[in-house]
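For reference, model-v4.pdb (PDB, C-alpha atoms and all ligand atoms):
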```pdb
ATOM      1  CA  MET M 986      15.231 -73.403 -10.249
ATOM      2  CA  ALA M 987      11.898 -74.868 -11.257
ATOM      3  CA  THR M 988      10.842 -76.184 -14.652
ATOM      4  CA  ILE M 989       8.165 -73.829 -15.967
ATOM      5  CA  LEU M 990       5.018 -75.658 -17.052
ATOM      6  CA  ASP M 991       4.350 -73.867 -20.331
ATOM      7  CA  GLY M 992       0.567 -73.777 -20.703
ATOM      8  CA  LYS M 993       0.629 -71.598 -23.786
ATOM      9  CA  LYS M 994       2.834 -74.044 -25.692
ATOM     10  CA  LEU M 995       1.062 -77.187 -24.445
ATOM     11  CA  SER M 996      -2.353 -75.715 -25.234
ATOM     12  CA  LEU M 997      -1.229 -75.058 -28.816
ATOM     13  CA  THR M 998       0.096 -78.637 -29.087
ATOM     14  CA  ILE M 999      -3.292 -79.976 -27.958
ATOM     15  CA  GLN M1000      -5.050 -77.595 -30.351
ATOM     16  CA  ASP M1001      -2.882 -78.896 -33.222
ATOM     17  CA  GLU M1002      -3.887 -82.465 -32.306
ATOM     18  CA  LEU M1003      -7.552 -81.431 -32.300
ATOM     19  CA  ALA M1004      -7.181 -79.660 -35.673
ATOM     20  CA  ILE M1005      -5.962 -82.935 -37.211
ATOM     21  CA  LYS M1006      -9.009 -84.737 -35.801
ATOM     22  CA  VAL M1007     -11.275 -82.032 -37.243
ATOM     23  CA  SER M1008      -9.804 -82.414 -40.734
ATOM     24  CA  GLU M1009     -10.224 -86.201 -40.467
ATOM     25  CA  ARG M1010     -13.888 -85.616 -39.603
ATOM     26  CA  LEU M1011     -14.331 -83.298 -42.570
ATOM     27  CA  GLN M1012     -12.716 -85.842 -44.911
ATOM     28  CA  LYS M1013     -15.299 -88.385 -43.724
ATOM     29  CA  GLY M1014     -18.073 -85.922 -44.630
ATOM     30  CA  LYS M1015     -18.833 -85.012 -41.020
ATOM     31  CA  LYS M1016     -19.466 -81.409 -39.989
ATOM     32  CA  LYS M1017     -17.215 -79.129 -37.965
ATOM     33  CA  PRO M1018     -17.659 -79.336 -34.179
ATOM     34  CA  HIS M1019     -19.755 -76.350 -33.071
ATOM     35  CA  LEU M1020     -19.273 -74.572 -29.732
ATOM     36  CA  ALA M1021     -21.557 -71.769 -28.549
ATOM     37  CA  ALA M1022     -20.927 -69.345 -25.689
ATOM     38  CA  ILE M1023     -23.370 -67.099 -23.877
ATOM     39  CA  LEU M1024     -21.919 -63.922 -22.405
ATOM     40  CA  VAL M1025     -24.170 -61.809 -20.188
ATOM     41  CA  GLY M1026     -23.112 -58.250 -19.347
ATOM     42  CA  GLU M1027     -19.948 -56.249 -19.792
ATOM     43  CA  ASP M1028     -17.437 -57.786 -17.343
ATOM     44  CA  GLY M1029     -13.995 -57.082 -18.829
ATOM     45  CA  ALA M1030     -12.345 -60.345 -17.756
ATOM     46  CA  SER M1031     -15.305 -62.439 -18.978
ATOM     47  CA  LYS M1032     -15.202 -60.698 -22.361
ATOM     48  CA  THR M1033     -11.475 -61.487 -22.652
ATOM     49  CA  TYR M1034     -11.987 -65.169 -21.733
ATOM     50  CA  VAL M1035     -14.844 -65.630 -24.209
ATOM     51  CA  ALA M1036     -12.871 -63.888 -26.980
ATOM     52  CA  ALA M1037      -9.943 -66.267 -26.343
ATOM     53  CA  LYS M1038     -12.295 -69.276 -26.554
ATOM     54  CA  VAL M1039     -13.777 -68.068 -29.872
ATOM     55  CA  LYS M1040     -10.281 -67.444 -31.267
ATOM     56  CA  ALA M1041      -9.176 -70.959 -30.251
ATOM     57  CA  CYS M1042     -12.253 -72.417 -32.009
ATOM     58  CA  GLU M1043     -11.201 -70.681 -35.216
ATOM     59  CA  ARG M1044      -7.651 -71.965 -34.825
ATOM     60  CA  VAL M1045      -8.691 -75.624 -34.636
ATOM     61  CA  GLY M1046     -11.376 -75.357 -37.326
ATOM     62  CA  TYR M1047     -14.492 -75.457 -35.128
ATOM     63  CA  GLN M1048     -17.571 -73.408 -35.783
ATOM     64  CA  SER M1049     -18.347 -70.994 -32.943
ATOM     65  CA  THR M1050     -21.348 -68.892 -32.019
ATOM     66  CA  LEU M1051     -21.142 -66.075 -29.495
ATOM     67  CA  ILE M1052     -24.404 -64.907 -27.961
ATOM     68  CA  LYS M1053     -23.968 -61.564 -26.220
ATOM     69  CA  LEU M1054     -26.773 -60.526 -23.894
ATOM     70  CA  PRO M1055     -27.101 -57.227 -21.991
ATOM     71  CA  GLU M1056     -26.500 -56.959 -18.238
ATOM     72  CA  ILE M1057     -30.252 -56.377 -17.714
ATOM     73  CA  THR M1058     -31.154 -59.798 -19.195
ATOM     74  CA  THR M1059     -33.659 -61.485 -16.899
ATOM     75  CA  GLU M1060     -33.254 -65.019 -15.582
ATOM     76  CA  LYS M1061     -36.279 -66.043 -17.652
ATOM     77  CA  GLU M1062     -34.764 -64.601 -20.855
ATOM     78  CA  LEU M1063     -31.499 -66.418 -20.231
ATOM     79  CA  MET M1064     -33.389 -69.655 -19.589
ATOM     80  CA  LEU M1065     -35.106 -69.268 -22.976
ATOM     81  CA  GLU M1066     -31.709 -68.826 -24.696
ATOM     82  CA  ILE M1067     -30.497 -72.033 -23.061
ATOM     83  CA  GLU M1068     -33.596 -73.921 -24.191
ATOM     84  CA  LYS M1069     -32.866 -72.733 -27.723
ATOM     85  CA  LEU M1070     -29.281 -74.015 -27.593
ATOM     86  CA  ASN M1071     -30.402 -77.315 -26.041
ATOM     87  CA  ASN M1072     -32.801 -77.811 -28.963
ATOM     88  CA  ASN M1073     -30.458 -76.585 -31.707
ATOM     89  CA  ASN M1074     -29.077 -79.730 -33.361
ATOM     90  CA  SER M1075     -26.269 -77.832 -35.095
ATOM     91  CA  ILE M1076     -24.660 -77.010 -31.718
ATOM     92  CA  ASP M1077     -22.572 -79.765 -30.103
ATOM     93  CA  GLY M1078     -21.758 -77.997 -26.856
ATOM     94  CA  PHE M1079     -22.138 -74.635 -25.163
ATOM     95  CA  ILE M1080     -21.011 -72.685 -22.145
ATOM     96  CA  VAL M1081     -22.494 -69.897 -20.088
ATOM     97  CA  GLN M1082     -19.589 -67.659 -19.106
ATOM     98  CA  LEU M1083     -19.485 -67.169 -15.329
ATOM     99  CA  PRO M1084     -19.910 -65.134 -13.204
ATOM    100  CA  LEU M1085     -23.453 -64.119 -14.140
ATOM    101  CA  PRO M1086     -24.968 -60.819 -12.953
ATOM    102  CA  SER M1087     -26.112 -61.128  -9.327
ATOM    103  CA  HIS M1088     -29.854 -61.093 -10.172
ATOM    104  CA  ILE M1089     -29.459 -64.441 -11.992
ATOM    105  CA  ASP M1090     -29.251 -67.743 -10.088
ATOM    106  CA  GLU M1091     -26.178 -69.506 -11.523
ATOM    107  CA  GLN M1092     -27.127 -72.955 -10.253
ATOM    108  CA  LYS M1093     -30.613 -72.695 -11.776
ATOM    109  CA  ILE M1094     -29.050 -71.812 -15.132
ATOM    110  CA  ILE M1095     -26.414 -74.562 -15.031
ATOM    111  CA  GLN M1096     -29.050 -77.177 -14.224
ATOM    112  CA  LEU M1097     -30.996 -76.230 -17.339
ATOM    113  CA  ILE M1098     -28.114 -77.062 -19.716
ATOM    114  CA  ASP M1099     -28.477 -80.390 -21.535
ATOM    115  CA  PRO M1100     -25.780 -82.489 -19.749
ATOM    116  CA  LYS M1101     -24.686 -83.846 -23.138
ATOM    117  CA  LYS M1102     -23.919 -80.278 -24.295
ATOM    118  CA  ASP M1103     -22.416 -79.173 -20.947
ATOM    119  CA  VAL M1104     -18.818 -78.904 -22.168
ATOM    120  CA  ASP M1105     -17.829 -76.903 -19.070
ATOM    121  CA  GLY M1106     -18.748 -79.997 -17.022
ATOM    122  CA  PHE M1107     -20.700 -78.002 -14.399
ATOM    123  CA  HIS M1108     -24.082 -79.782 -14.588
ATOM    124  CA  PRO M1109     -24.846 -81.854 -11.429
ATOM    125  CA  GLN M1110     -25.241 -84.965 -13.587
ATOM    126  CA  ASN M1111     -21.723 -84.523 -14.991
ATOM    127  CA  ILE M1112     -20.270 -83.726 -11.560
ATOM    128  CA  GLY M1113     -21.921 -86.933 -10.252
ATOM    129  CA  ARG M1114     -20.477 -88.949 -13.133
ATOM    130  CA  MET M1115     -17.036 -87.474 -12.391
ATOM    131  CA  VAL M1116     -17.310 -88.518  -8.720
ATOM    132  CA  LEU M1117     -18.240 -92.057  -9.767
ATOM    133  CA  ASN M1118     -15.442 -92.160 -12.359
ATOM    134  CA  LEU M1119     -17.883 -92.616 -15.248
ATOM    135  CA  PRO M1120     -17.230 -91.133 -18.710
ATOM    136  CA  THR M1121     -18.210 -87.441 -18.636
ATOM    137  CA  PHE M1122     -17.097 -83.910 -19.407
ATOM    138  CA  LEU M1123     -14.546 -83.059 -16.735
ATOM    139  CA  PRO M1124     -14.635 -79.390 -15.656
ATOM    140  CA  ALA M1125     -12.294 -77.523 -17.985
ATOM    141  CA  THR M1126      -9.806 -76.019 -15.520
ATOM    142  CA  PRO M1127      -9.254 -79.170 -13.388
ATOM    143  CA  ASN M1128      -9.023 -81.222 -16.585
ATOM    144  CA  GLY M1129      -6.413 -78.794 -17.944
ATOM    145  CA  ILE M1130      -4.388 -79.272 -14.749
ATOM    146  CA  LEU M1131      -4.568 -83.086 -15.089
ATOM    147  CA  GLU M1132      -3.330 -82.729 -18.665
ATOM    148  CA  PHE M1133      -0.396 -80.614 -17.431
ATOM    149  CA  LEU M1134       0.567 -83.288 -14.886
ATOM    150  CA  LYS M1135       0.175 -86.078 -17.456
ATOM    151  CA  ARG M1136       2.088 -84.492 -20.328
ATOM    152  CA  TYR M1137       4.969 -83.381 -18.088
ATOM    153  CA  LYS M1138       4.926 -86.901 -16.537
ATOM    154  CA  ILE M1139       4.743 -85.515 -12.993
ATOM    155  CA  ASP M1140       4.442 -88.231 -10.369
ATOM    156  CA  THR M1141       1.253 -87.898  -8.337
ATOM    157  CA  ILE M1142       0.907 -91.423  -6.912
ATOM    158  CA  GLY M1143       1.008 -91.450  -3.113
ATOM    159  CA  LYS M1144       1.981 -87.765  -3.050
ATOM    160  CA  GLU M1145       0.628 -85.246  -0.565
ATOM    161  CA  CYS M1146      -1.517 -82.849  -2.604
ATOM    162  CA  VAL M1147      -2.841 -79.674  -1.008
ATOM    163  CA  ILE M1148      -5.549 -77.688  -2.758
ATOM    164  CA  ILE M1149      -6.226 -74.112  -1.644
ATOM    165  CA  GLY M1150      -9.795 -72.985  -2.403
ATOM    166  CA  ARG M1151     -12.963 -75.102  -2.577
ATOM    167  CA  SER M1152     -14.939 -73.522  -5.458
ATOM    168  CA  HIS M1153     -17.353 -75.674  -7.457
ATOM    169  CA  ILE M1154     -15.411 -75.013 -10.650
ATOM    170  CA  VAL M1155     -11.810 -75.562  -9.510
ATOM    171  CA  GLY M1156     -10.915 -76.581  -5.938
ATOM    172  CA  SER M1157     -13.659 -79.109  -5.126
ATOM    173  CA  PRO M1158     -13.549 -81.065  -8.417
ATOM    174  CA  MET M1159      -9.744 -80.939  -8.333
ATOM    175  CA  SER M1160      -9.742 -82.595  -4.905
ATOM    176  CA  ILE M1161     -11.905 -85.444  -6.241
ATOM    177  CA  LEU M1162      -9.802 -85.918  -9.368
ATOM    178  CA  MET M1163      -6.466 -85.948  -7.542
ATOM    179  CA  ALA M1164      -7.764 -88.577  -5.109
ATOM    180  CA  ARG M1165      -9.080 -90.928  -7.832
ATOM    181  CA  ASN M1166      -7.555 -94.364  -8.323
ATOM    182  CA  TYR M1167      -6.110 -93.198 -11.619
ATOM    183  CA  TYR M1168      -3.144 -91.339 -13.079
ATOM    184  CA  PRO M1169      -2.851 -88.389 -12.643
ATOM    185  CA  GLY M1170      -4.336 -88.943  -9.205
ATOM    186  CA  ASN M1171      -3.883 -91.440  -6.397
ATOM    187  CA  SER M1172      -2.648 -88.549  -4.268
ATOM    188  CA  THR M1173      -3.449 -88.035  -0.608
ATOM    189  CA  VAL M1174      -5.513 -84.872  -0.867
ATOM    190  CA  THR M1175      -6.096 -82.064   1.623
ATOM    191  CA  LEU M1176      -8.717 -79.530   0.537
ATOM    192  CA  THR M1177      -8.192 -76.222   2.327
ATOM    193  CA  HIS M1178     -10.335 -73.075   2.394
ATOM    194  CA  SER M1179     -10.949 -69.775   4.156
ATOM    195  CA  ARG M1180     -11.707 -71.514   7.496
ATOM    196  CA  THR M1181      -8.608 -73.731   7.429
ATOM    197  CA  GLN M1182      -6.310 -73.359  10.443
ATOM    198  CA  ASN M1183      -2.535 -73.771  10.115
ATOM    199  CA  LEU M1184      -2.498 -73.494   6.336
ATOM    200  CA  LYS M1185       1.256 -72.876   6.365
ATOM    201  CA  GLU M1186       1.975 -76.110   8.279
ATOM    202  CA  ILE M1187      -0.295 -78.052   5.904
ATOM    203  CA  CYS M1188       1.373 -76.557   2.818
ATOM    204  CA  LEU M1189       4.873 -77.255   4.146
ATOM    205  CA  LYS M1190       4.102 -81.007   4.006
ATOM    206  CA  ALA M1191       2.798 -80.870   0.418
ATOM    207  CA  ASP M1192       4.482 -82.430  -2.623
ATOM    208  CA  ILE M1193       1.942 -80.764  -4.931
ATOM    209  CA  ILE M1194       0.052 -77.516  -4.228
ATOM    210  CA  ILE M1195      -2.844 -76.366  -6.416
ATOM    211  CA  VAL M1196      -3.709 -72.776  -5.559
ATOM    212  CA  ALA M1197      -7.132 -71.361  -6.535
ATOM    213  CA  LEU M1198      -8.307 -68.644  -4.198
ATOM    214  CA  GLY M1199      -7.998 -65.395  -6.171
ATOM    215  CA  LYS M1200      -5.624 -63.542  -3.818
ATOM    216  CA  PRO M1201      -2.569 -62.172  -5.639
ATOM    217  CA  GLU M1202       0.785 -63.609  -4.471
ATOM    218  CA  PHE M1203      -0.849 -65.356  -1.494
ATOM    219  CA  LEU M1204       1.453 -68.404  -1.471
ATOM    220  CA  THR M1205       4.950 -67.391  -0.439
ATOM    221  CA  ALA M1206       8.272 -69.255  -0.301
ATOM    222  CA  ASP M1207       8.120 -69.777   3.489
ATOM    223  CA  MET M1208       4.919 -71.843   2.979
ATOM    224  CA  VAL M1209       6.437 -74.489   0.690
ATOM    225  CA  LYS M1210       9.091 -77.183   0.901
ATOM    226  CA  ASP M1211      11.924 -77.694  -1.582
ATOM    227  CA  GLY M1212      10.974 -79.636  -4.703
ATOM    228  CA  VAL M1213       7.237 -78.895  -4.491
ATOM    229  CA  VAL M1214       5.076 -78.882  -7.658
ATOM    230  CA  ILE M1215       3.072 -75.651  -7.894
ATOM    231  CA  ILE M1216      -0.060 -75.183  -9.989
ATOM    232  CA  ASP M1217      -1.252 -71.573  -9.852
ATOM    233  CA  VAL M1218      -4.861 -71.155 -10.988
ATOM    234  CA  GLY M1219      -5.410 -67.614  -9.715
ATOM    235  CA  ILE M1220      -5.833 -64.719 -12.106
ATOM    236  CA  THR M1221      -6.325 -61.233 -10.670
ATOM    237  CA  ARG M1222      -6.172 -57.954 -12.557
ATOM    238  CA  VAL M1223      -3.901 -55.632 -10.582
ATOM    239  CA  ASN M1224      -3.699 -51.929 -11.487
ATOM    240  CA  ASP M1225      -0.476 -51.125 -13.326
ATOM    241  CA  ASN M1226      -0.072 -47.737 -14.962
ATOM    242  CA  SER M1227       2.994 -48.895 -16.871
ATOM    243  CA  LYS M1228       0.724 -51.172 -18.960
ATOM    244  CA  LYS M1229      -1.268 -49.918 -21.937
ATOM    245  CA  ASN M1230      -4.506 -51.460 -20.634
ATOM    246  CA  GLY M1231      -3.852 -50.200 -17.075
ATOM    247  CA  TYR M1232      -3.504 -53.596 -15.399
ATOM    248  CA  ARG M1233      -1.416 -56.774 -15.231
ATOM    249  CA  LEU M1234      -2.460 -60.329 -14.473
ATOM    250  CA  VAL M1235      -1.176 -61.732 -11.182
ATOM    251  CA  GLY M1236      -1.439 -65.312  -9.908
ATOM    252  CA  ASP M1237      -2.026 -66.583  -6.371
ATOM    253  CA  VAL M1238       1.654 -67.530  -6.009
ATOM    254  CA  LYS M1239       4.613 -65.244  -5.342
ATOM    255  CA  PHE M1240       6.284 -66.599  -8.440
ATOM    256  CA  ASP M1241       9.778 -65.068  -8.121
ATOM    257  CA  GLU M1242      10.490 -66.588  -4.706
ATOM    258  CA  VAL M1243       8.446 -69.815  -4.877
ATOM    259  CA  SER M1244       9.946 -70.786  -8.262
ATOM    260  CA  LYS M1245      13.373 -70.926  -6.565
ATOM    261  CA  LYS M1246      12.179 -73.776  -4.311
ATOM    262  CA  ALA M1247       9.760 -75.587  -6.623
ATOM    263  CA  SER M1248      10.578 -78.438  -9.022
ATOM    264  CA  TYR M1249       7.756 -77.444 -11.400
ATOM    265  CA  ILE M1250       5.645 -74.278 -11.475
ATOM    266  CA  THR M1251       2.983 -72.753 -13.724
ATOM    267  CA  PRO M1252       3.319 -69.078 -14.684
ATOM    268  CA  VAL M1253       0.497 -66.502 -14.749
ATOM    269  CA  PRO M1254      -0.359 -65.667 -17.459
ATOM    270  CA  GLY M1255       0.521 -68.550 -19.771
ATOM    271  CA  GLY M1256      -0.095 -71.460 -17.381
ATOM    272  CA  VAL M1257      -3.469 -72.888 -16.377
ATOM    273  CA  GLY M1258      -5.515 -70.349 -18.402
ATOM    274  CA  PRO M1259      -4.582 -71.657 -21.886
ATOM    275  CA  MET M1260      -4.919 -75.258 -20.641
ATOM    276  CA  THR M1261      -8.520 -74.502 -19.618
ATOM    277  CA  ILE M1262      -9.241 -73.503 -23.215
ATOM    278  CA  ALA M1263      -7.615 -76.672 -24.579
ATOM    279  CA  SER M1264      -9.847 -78.768 -22.284
ATOM    280  CA  LEU M1265     -12.960 -76.949 -23.405
ATOM    281  CA  LEU M1266     -12.093 -77.691 -27.032
ATOM    282  CA  THR M1267     -11.416 -81.361 -26.216
ATOM    283  CA  ASN M1268     -14.782 -81.616 -24.445
ATOM    284  CA  THR M1269     -16.487 -80.051 -27.477
ATOM    285  CA  LEU M1270     -14.999 -82.627 -29.848
ATOM    286  CA  ASN M1271     -16.147 -85.380 -27.462
ATOM    287  CA  ALA M1272     -19.622 -83.801 -27.402
ATOM    288  CA  THR M1273     -19.985 -84.428 -31.159
ATOM    289  CA  LYS M1274     -20.084 -88.155 -30.373
ATOM    290  CA  LEU M1275     -23.083 -87.927 -28.009
ATOM    291  CA  LYS M1276     -26.750 -88.095 -28.920
ATOM    292  CA  LYS M1277     -28.402 -84.988 -27.480
ATOM    293  CA  MET M1278     -31.853 -84.600 -25.820
TER     294      MET M1278
HETATM  295  P1  LIG M1301     -13.738 -68.603  -5.724
HETATM  296  O1  LIG M1301     -13.384 -67.179  -5.950
HETATM  297  O2  LIG M1301     -15.130 -69.061  -6.004
HETATM  298  O3  LIG M1301     -13.461 -69.021  -4.216
HETATM  299  C1  LIG M1301     -12.268 -68.752  -3.565
HETATM  300  C2  LIG M1301     -11.929 -69.889  -2.628
HETATM  301  O4  LIG M1301     -10.762 -69.536  -1.900
HETATM  302  C3  LIG M1301     -13.010 -70.205  -1.598
HETATM  303  O5  LIG M1301     -13.281 -71.599  -1.619
HETATM  304  C4  LIG M1301     -12.405 -69.810  -0.256
HETATM  305  O6  LIG M1301     -12.769 -70.679   0.794
HETATM  306  C5  LIG M1301     -10.910 -69.898  -0.546
HETATM  307  N1  LIG M1301     -10.145 -68.955   0.286
HETATM  308  C6  LIG M1301     -10.343 -67.626   0.422
HETATM  309  N2  LIG M1301      -9.438 -67.117   1.295
HETATM  310  C7  LIG M1301      -8.675 -68.142   1.711
HETATM  311  C8  LIG M1301      -7.565 -68.264   2.604
HETATM  312  N3  LIG M1301      -7.092 -67.186   3.257
HETATM  313  N4  LIG M1301      -7.008 -69.467   2.779
HETATM  314  C9  LIG M1301      -7.480 -70.567   2.120
HETATM  315  N5  LIG M1301      -8.526 -70.506   1.265
HETATM  316  C10 LIG M1301      -9.109 -69.321   1.056
HETATM  317  O7  LIG M1301     -12.674 -69.535  -6.488
HETATM  318  P2  LIG M1301     -12.454 -69.814  -8.038
HETATM  319  O8  LIG M1301     -13.671 -69.474  -8.825
HETATM  320  O9  LIG M1301     -11.887 -71.180  -8.076
HETATM  321  O10 LIG M1301     -11.338 -68.751  -8.439
HETATM  322  C11 LIG M1301     -10.080 -68.701  -7.800
HETATM  323  C12 LIG M1301      -9.086 -67.971  -8.693
HETATM  324  O11 LIG M1301      -8.856 -68.773  -9.858
HETATM  325  C13 LIG M1301      -9.552 -66.612  -9.215
HETATM  326  O12 LIG M1301      -8.433 -65.769  -9.313
HETATM  327  C14 LIG M1301     -10.070 -66.926 -10.602
HETATM  328  O13 LIG M1301      -9.991 -65.815 -11.479
HETATM  329  C15 LIG M1301      -9.103 -68.010 -11.023
HETATM  330  N6  LIG M1301      -9.596 -68.935 -12.068
HETATM  331  C16 LIG M1301      -8.762 -69.174 -13.097
HETATM  332  C17 LIG M1301      -9.131 -70.083 -14.087
HETATM  333  C18 LIG M1301      -8.178 -70.367 -15.207
HETATM  334  O14 LIG M1301      -8.582 -70.888 -16.228
HETATM  335  N7  LIG M1301      -6.893 -70.086 -15.031
HETATM  336  C19 LIG M1301     -10.372 -70.725 -14.018
HETATM  337  C20 LIG M1301     -11.199 -70.464 -12.921
HETATM  338  C21 LIG M1301     -10.787 -69.572 -11.936
END
```
For the file at hand, write its structure as structure tokens.
Amino acid sequence: MATILDGKKLSLTIQDELAIKVSERLQKGKKKPHLAAILVGEDGASKTYVAAKVKACERVGYQSTLIKLPEITTEKELMLEIEKLNNNNSIDGFIVQLPLPSHIDEQKIIQLIDPKKDVDGFHPQNIGRMVLNLPTFLPATPNGILEFLKRYKIDTIGKECVIIGRSHIVGSPMSILMARNYYPGNSTVTLTHSRTQNLKEICLKADIIIVALGKPEFLTADMVKDGVVIIDVGITRVNDNSKKNGYRLVGDVKFDEVSKKASYITPVPGGVGPMTIASLLTNTLNATKLKKM
């Protein structure tokens, strides 16, 4: 039976470490780190994620500002909000919660964020710095996964690492980070996607599988070898009338059967999600040390 990688617990440990650093800052007369979030529209999952980020800010003693904009916000209006945050010296870092409504060009918006305030690590300049192994804000979810591997001392060197899904925010950056000449990293990485042939054969060779495709219970026990390390990024709301809110959260891994073969596995919920929040908070503290535009 696998060791469960407890993201909820580890995220709280990291948050406690950050809270100590915040009180040290305050003792030195410095201000609280300040994170802002822009939420456009009424997407239920996005609202939940942003609320969790604001709550975590309160827990570690950061200041937070939530800017809620209606679904009908134009691209131009959103761009003006971003300009305001870029120019607001009291804000150390900010995020624009994705996905944005379809009439807004996400890439255009991301490119407008001051890279020194881009605590989600999505700006092309920060992605470029990540590729070149220069100091930067690593994207929050991949960084949370690295932290998992590091704190549980999971061996990644020379291991076969298969990543399922090639999104800009998870799969692609994860493939770069796991291949770096660094720990956690130095893995032999295979990045797979919707056009990959023989995914099962590829997965059966993997020592580590990072699954981020958004298809509930996609990875099954017959696709993995004994002793594999499983990182499940997927979060899908599946209708469930037995729940008060009418749904439950399901990962991309068939947990009950895969956990019997794995050496380590992340649960959903309580795995990668809370680690993403811990990374965002870490990036925000780091952002206080940078001189902004
Ligand atoms: P996405 O939705 O942008 O893209 C999905 C990817 O899966 C694509 O690259 C596609 O090529 C690949 N794919 C689709 N079908 C496939 C198949 N049959 N075989 C192999 N690959 C296939 O990806 P995303 O934004 O990274 O989101 C993936 C999941 O992770 C979603 O459930 C999302 O909610 C979740 N997520 C969780 C966190 C977190 O903090 N836990 C953060 C980001 C995303």
Counting all atoms listed in the file, which residues in region 1127-1191 of chain M sit no more than 8 Å from region 1197-1221 of chain M? For each one, give the nearest pair of atoms and the distance in Å, sorted by chain then residue number, as CSV.
```
residue,atom,partner,partner_atom,distance
M:Ile1130,CA,M:Ile1216,CA,7.6
M:Ile1148,CA,M:Ala1197,CA,7.5
M:Ile1149,CA,M:Ala1197,CA,5.7
M:Gly1150,CA,M:Leu1198,CA,4.9
M:Arg1151,CA,M:Ala1197,CA,8.0
M:Val1155,CA,M:Ala1197,CA,7.0
M:Gly1156,CA,M:Ala1197,CA,6.5
M:Lys1185,CA,M:Met1208,CA,5.1
M:Glu1186,CA,M:Met1208,CA,7.4
M:Cys1188,CA,M:Val1209,CA,5.9
M:Leu1189,CA,M:Val1209,CA,4.7
M:Lys1190,CA,M:Lys1210,CA,7.0
M:Ala1191,CA,M:Val1213,CA,6.9
```
If you count all atoms listed in the file, which residues fall within 12 Å of Asp1077 (chain M), apart from same-chain ones fewer than 6 positions away, as number ranges by chain? M: 1016-1022, 1047-1050, 1070-1071, 1099-1104, 1266-1278
Selected residues, C-alpha atoms, written as a PDB file, in the coordinates of the input, please.
```
ATOM      1  CA  LYS M1016     -19.466 -81.409 -39.989  1.00  0.00           C
ATOM      2  CA  LYS M1017     -17.215 -79.129 -37.965  1.00  0.00           C
ATOM      3  CA  PRO M1018     -17.659 -79.336 -34.179  1.00  0.00           C
ATOM      4  CA  HIS M1019     -19.755 -76.350 -33.071  1.00  0.00           C
ATOM      5  CA  LEU M1020     -19.273 -74.572 -29.732  1.00  0.00           C
ATOM      6  CA  ALA M1021     -21.557 -71.769 -28.549  1.00  0.00           C
ATOM      7  CA  ALA M1022     -20.927 -69.345 -25.689  1.00  0.00           C
ATOM      8  CA  TYR M1047     -14.492 -75.457 -35.128  1.00  0.00           C
ATOM      9  CA  GLN M1048     -17.571 -73.408 -35.783  1.00  0.00           C
ATOM     10  CA  SER M1049     -18.347 -70.994 -32.943  1.00  0.00           C
ATOM     11  CA  THR M1050     -21.348 -68.892 -32.019  1.00  0.00           C
ATOM     12  CA  LEU M1070     -29.281 -74.015 -27.593  1.00  0.00           C
ATOM     13  CA  ASN M1071     -30.402 -77.315 -26.041  1.00  0.00           C
ATOM     14  CA  ASP M1099     -28.477 -80.390 -21.535  1.00  0.00           C
ATOM     15  CA  PRO M1100     -25.780 -82.489 -19.749  1.00  0.00           C
ATOM     16  CA  LYS M1101     -24.686 -83.846 -23.138  1.00  0.00           C
ATOM     17  CA  LYS M1102     -23.919 -80.278 -24.295  1.00  0.00           C
ATOM     18  CA  ASP M1103     -22.416 -79.173 -20.947  1.00  0.00           C
ATOM     19  CA  VAL M1104     -18.818 -78.904 -22.168  1.00  0.00           C
ATOM     20  CA  LEU M1266     -12.093 -77.691 -27.032  1.00  0.00           C
ATOM     21  CA  THR M1267     -11.416 -81.361 -26.216  1.00  0.00           C
ATOM     22  CA  ASN M1268     -14.782 -81.616 -24.445  1.00  0.00           C
ATOM     23  CA  THR M1269     -16.487 -80.051 -27.477  1.00  0.00           C
ATOM     24  CA  LEU M1270     -14.999 -82.627 -29.848  1.00  0.00           C
ATOM     25  CA  ASN M1271     -16.147 -85.380 -27.462  1.00  0.00           C
ATOM     26  CA  ALA M1272     -19.622 -83.801 -27.402  1.00  0.00           C
ATOM     27  CA  THR M1273     -19.985 -84.428 -31.159  1.00  0.00           C
ATOM     28  CA  LYS M1274     -20.084 -88.155 -30.373  1.00  0.00           C
ATOM     29  CA  LEU M1275     -23.083 -87.927 -28.009  1.00  0.00           C
ATOM     30  CA  LYS M1276     -26.750 -88.095 -28.920  1.00  0.00           C
ATOM     31  CA  LYS M1277     -28.402 -84.988 -27.480  1.00  0.00           C
ATOM     32  CA  MET M1278     -31.853 -84.600 -25.820  1.00  0.00           C
TER      33      MET M1278
END
```
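The space separating CA of Thr1141 (chain M) from CA of Met1163 (chain M) comes to 8.0 Å.
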The PyMOL selection byres (((chain M and resi 1003) around 8) and not hetatm) applied to the shown file, residues as a compact mmCIF listing (two decimals) with C-alpha atoms, in the frame of the given file:
```txt
# COMPACT_ATOMS: atom_id res chain seq x y z
CA ILE M 999 -3.29 -79.98 -27.96
CA GLN M 1000 -5.05 -77.60 -30.35
CA ASP M 1001 -2.88 -78.90 -33.22
CA GLU M 1002 -3.89 -82.46 -32.31
CA ALA M 1004 -7.18 -79.66 -35.67
CA ILE M 1005 -5.96 -82.94 -37.21
CA LYS M 1006 -9.01 -84.74 -35.80
CA VAL M 1007 -11.28 -82.03 -37.24
CA VAL M 1045 -8.69 -75.62 -34.64
CA LEU M 1266 -12.09 -77.69 -27.03
CA THR M 1267 -11.42 -81.36 -26.22
CA LEU M 1270 -15.00 -82.63 -29.85
```
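Restricting the calculation to all atoms listed in the file, the smallest distance between Ala1036 (chain M) and any of M:Gly1236, M:Ile1262, M:Lys993, M:His1108 is found for M:Ile1262.
One finds CA of Gly1106 (chain M) at 20.6 Å from CA of Pro1086 (chain M).
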**Request:** For Ile1052 (chain M), please output as a count of residues only all residues within 12 Å (counting all atoms listed in the file; exclusion window: fewer than 6 positions along the same chain).
**Result:** 20
